[in-house]
>>> print(open('my_file-v9.txt').read())   # compact mmCIF, C-alpha atoms
# COMPACT_ATOMS: atom_id res chain seq x y z
CA HIS A 1 -21.64 -77.36 -30.91
CA ASN A 2 -22.79 -75.87 -34.13
CA VAL A 3 -21.89 -72.37 -35.25
CA LYS A 4 -25.48 -71.11 -35.29
CA GLY A 5 -26.01 -72.22 -31.70
CA GLN A 6 -22.80 -70.51 -30.57
CA MET A 7 -23.81 -67.32 -32.37
CA GLN A 8 -27.16 -67.29 -30.59
CA ARG A 9 -25.67 -68.05 -27.18
CA ARG A 10 -22.84 -65.54 -27.51
CA PRO A 11 -24.05 -62.60 -29.58
CA ALA A 12 -21.40 -60.20 -28.20
CA LEU A 13 -18.63 -62.57 -29.28
CA THR A 14 -20.28 -62.98 -32.68
CA HIS A 15 -20.53 -59.21 -33.13
CA ALA A 16 -16.90 -58.80 -32.01
CA VAL A 17 -15.69 -61.36 -34.57
CA VAL A 18 -17.73 -59.71 -37.31
CA GLY A 19 -16.43 -56.29 -36.26
CA PHE A 20 -12.85 -57.56 -36.34
CA GLY A 21 -13.39 -58.98 -39.81
CA LEU A 22 -15.08 -55.89 -41.23
CA PHE A 23 -12.61 -53.37 -39.79
CA GLY A 24 -9.62 -55.57 -40.66
CA ALA A 25 -10.80 -56.22 -44.21
CA SER A 26 -11.57 -52.54 -44.72
CA ASP A 27 -8.09 -51.62 -43.55
CA ALA A 28 -6.48 -54.21 -45.83
CA PHE A 29 -8.45 -52.80 -48.77
CA ALA A 30 -7.43 -49.25 -47.80
CA GLN A 31 -3.79 -50.34 -47.66
CA LYS A 32 -4.13 -51.83 -51.13
CA LEU A 33 -5.61 -48.57 -52.46
CA GLU A 34 -2.86 -46.54 -50.79
CA ALA A 35 -0.16 -48.81 -52.24
CA SER A 36 -1.76 -48.50 -55.66
CA ALA A 37 -1.73 -44.70 -55.41
CA LEU A 38 1.93 -44.74 -54.39
CA ARG A 39 2.76 -47.01 -57.36
CA GLU A 40 0.99 -44.58 -59.70
CA GLU A 41 3.02 -41.70 -58.28
CA ALA A 42 6.20 -43.72 -58.76
CA LYS A 43 5.23 -44.53 -62.35
CA ILE A 44 4.69 -40.86 -63.09
CA ALA A 45 8.08 -40.07 -61.57
CA ASP A 46 9.67 -42.88 -63.60
CA LYS A 47 7.72 -42.26 -66.81
CA ASN A 48 10.97 -42.08 -68.75
CA ASP A 49 11.92 -45.53 -67.45
CA SER A 50 10.24 -48.02 -69.79
CA SER A 51 11.42 -51.01 -67.73
CA ALA A 52 8.84 -50.51 -64.96
CA SER A 53 8.98 -53.46 -62.62
CA LEU A 54 5.99 -55.81 -62.36
CA SER A 55 6.52 -55.95 -58.59
CA ARG A 56 5.19 -52.40 -58.36
CA ASP A 57 1.90 -53.56 -59.83
CA THR A 58 1.18 -56.26 -57.28
CA PHE A 59 0.03 -56.20 -53.70
CA SER A 60 0.36 -59.25 -51.51
CA THR A 61 -0.07 -60.10 -47.87
CA ASN A 62 3.68 -59.47 -47.52
CA ASP A 63 2.94 -55.80 -48.28
CA LEU A 64 0.29 -55.63 -45.56
CA ASP A 65 1.16 -53.58 -42.48
CA MET A 66 0.10 -56.22 -39.96
CA VAL A 67 0.20 -53.90 -36.93
CA ARG A 68 -2.15 -51.51 -38.69
CA PHE A 69 -4.37 -54.38 -39.90
CA LEU A 70 -4.57 -56.00 -36.45
CA SER A 71 -5.16 -52.68 -34.67
CA ALA A 72 -8.06 -52.01 -37.04
CA GLY A 73 -9.42 -55.48 -36.26
CA VAL A 74 -9.14 -54.98 -32.50
CA ILE A 75 -10.94 -51.66 -32.73
CA GLY A 76 -13.64 -53.34 -34.84
CA ALA A 77 -14.03 -56.10 -32.25
CA PHE A 78 -14.40 -53.49 -29.49
CA PHE A 79 -17.02 -51.49 -31.36
CA GLY A 80 -18.83 -54.50 -32.82
CA GLY A 81 -18.94 -56.44 -29.56
CA CYS A 82 -19.37 -53.63 -27.04
CA VAL A 83 -20.11 -50.10 -28.23
CA TYR A 84 -22.64 -50.64 -31.01
CA PRO A 85 -24.83 -53.23 -29.22
CA PHE A 86 -24.91 -51.04 -26.09
CA ALA A 87 -25.72 -47.87 -28.04
CA TYR A 88 -28.38 -49.48 -30.23
CA LYS A 89 -30.03 -51.09 -27.23
CA ARG A 90 -30.28 -47.66 -25.60
CA LEU A 91 -31.67 -46.11 -28.77
CA ASP A 92 -34.30 -48.86 -28.93
CA MET A 93 -35.29 -48.05 -25.36
CA ILE A 94 -35.79 -44.38 -26.27
CA TRP A 95 -37.66 -44.95 -29.54
CA LYS A 96 -39.41 -48.29 -29.62
CA GLY A 97 -40.41 -49.95 -32.84
CA ASN A 98 -39.17 -50.00 -36.39
CA GLY A 99 -41.48 -47.51 -38.05
CA PHE A 100 -40.06 -44.85 -40.34
CA MET A 101 -40.01 -42.02 -37.77
CA SER A 102 -38.53 -44.21 -35.06
CA ILE A 103 -35.74 -45.41 -37.36
CA ALA A 104 -35.12 -41.87 -38.65
CA LYS A 105 -34.76 -40.51 -35.10
CA LYS A 106 -32.44 -43.37 -34.10
CA SER A 107 -30.34 -42.85 -37.21
CA VAL A 108 -29.92 -39.11 -36.71
CA LEU A 109 -29.02 -39.50 -33.04
CA GLU A 110 -26.64 -42.36 -33.86
CA VAL A 111 -24.76 -40.26 -36.41
CA PHE A 112 -24.37 -37.32 -34.02
CA THR A 113 -23.38 -39.42 -30.99
CA VAL A 114 -22.09 -42.90 -31.64
CA GLY A 115 -20.88 -42.06 -35.15
CA ILE A 116 -18.78 -39.09 -34.08
CA PHE A 117 -17.57 -40.88 -30.95
CA ALA A 118 -16.73 -44.07 -32.83
CA ASN A 119 -14.87 -42.27 -35.61
CA SER A 120 -12.90 -40.16 -33.14
CA VAL A 121 -11.92 -43.13 -31.00
CA SER A 122 -11.16 -45.28 -34.04
CA MET A 123 -8.94 -42.68 -35.68
CA GLY A 124 -7.18 -41.90 -32.41
CA ALA A 125 -6.65 -45.49 -31.36
CA ARG A 126 -5.34 -46.52 -34.75
CA GLY A 127 -2.79 -43.72 -34.68
CA VAL A 128 -1.63 -44.57 -31.16
CA LEU A 129 -1.60 -48.33 -31.81
CA VAL A 130 0.74 -47.93 -34.77
CA GLY A 131 3.15 -45.91 -32.61
CA LYS A 132 2.41 -42.30 -33.46
CA ASN A 133 2.79 -39.51 -30.91
CA PRO A 134 -0.55 -39.09 -29.06
CA MET A 135 -0.48 -35.30 -29.43
CA GLU A 136 0.06 -35.60 -33.20
CA VAL A 137 -2.80 -38.10 -33.33
CA PHE A 138 -5.08 -35.74 -31.39
CA SER A 139 -4.25 -32.88 -33.78
CA HIS A 140 -4.87 -35.12 -36.79
CA VAL A 141 -8.24 -36.31 -35.46
CA LYS A 142 -9.29 -32.74 -34.64
CA LYS A 143 -8.35 -31.61 -38.15
CA GLU A 144 -9.91 -34.54 -40.04
CA MET A 145 -13.11 -35.12 -38.03
CA PRO A 146 -15.25 -32.50 -39.83
CA GLU A 147 -14.57 -34.27 -43.15
CA VAL A 148 -15.21 -37.75 -41.75
CA THR A 149 -18.65 -37.02 -40.32
>>> encode(input="my_file-v9.txt", output="structure tokens")
Amino acid sequence: HNVKGQMQRRPALTHAVVGFGLFGASDAFAQKLEASALREEAKIADKNDSSASLSRDTFSTNDLDMVRFLSAGVIGAFFGGCVYPFAYKRLDMIWKGNGFMSIAKKSVLEVFTVGIFANSVSMGARGVLVGKNPMEVFSHVKKEMPEVT
């Protein structure tokens, strides 16, 4: 069976795999940026030390927090395979077509419903999946949500 045929026969699975890949890759990139920022802070702290180690300047898969990476991927698979297709199908039922006004209405409603819901669930689930206290996670999501949306 060819890939294209499988993708057409199983769109939810295809969307879930794509979601896993996008969320996982985004998390890996975020981890690289965070590690880079930490290295810069360490360099500033060690600015008098001219023998800065090369290992601080590299990021490899060994540095990747796999639990965090995989939890991001699982959340992406859930949203890509389940939430987004369901939500967009409902939006298409409300506003049919792909004209400017129809797309604008769908986009605005998506941001205020699915976008806020997805970001809240994603942030909360990622915190819980990496072992943080659920109440701390809830407080963090509540505090950060206005900046995210």
>>> residues_around(input="my_file-v9.txt", residues="A:Asn119", least_positions_apart="4", cutoff="9 Å", atoms="all atoms listed in the file", output="NGL selection string")
:A and (114-115 or 123-124 or 141 or 145 or 148-149)
>>> write_last_selection(input="my_file-v9.txt", atoms="C-alpha atoms", output="CSV table (one decimal), keeping the file's coordinate frame")
chain,number,residue,atom,x,y,z
A,114,VAL,CA,-22.1,-42.9,-31.6
A,115,GLY,CA,-20.9,-42.1,-35.2
A,123,MET,CA,-8.9,-42.7,-35.7
A,124,GLY,CA,-7.2,-41.9,-32.4
A,141,VAL,CA,-8.2,-36.3,-35.5
A,145,MET,CA,-13.1,-35.1,-38.0
A,148,VAL,CA,-15.2,-37.8,-41.8
A,149,THR,CA,-18.6,-37.0,-40.3
>>> residues_around(input="my_file-v9.txt", residues="stretch 79-93 of chain A", least_positions_apart="6", cutoff="7 Å", atoms="all atoms listed in the file", output="VMD selection string")
chain A and resid 12 to 13 15 to 16 18 to 19 106
>>> closest_residue(input="my_file-v9.txt", among="A:Leu109, A:Val67, A:Val3, A:Ile44", to="A:Gly131", atoms="all atoms listed in the file")
A:Val67
>>> atom_distance(input="my_file-v9.txt", atom1="atom CA of A:Ser26", atom2="atom CA of A:Phe112")
22.6 Å
>>> atom_distance(input="my_file-v9.txt", atom1="atom CA of A:Ile94", atom2="atom CA of A:Glu110")
12.1 Å
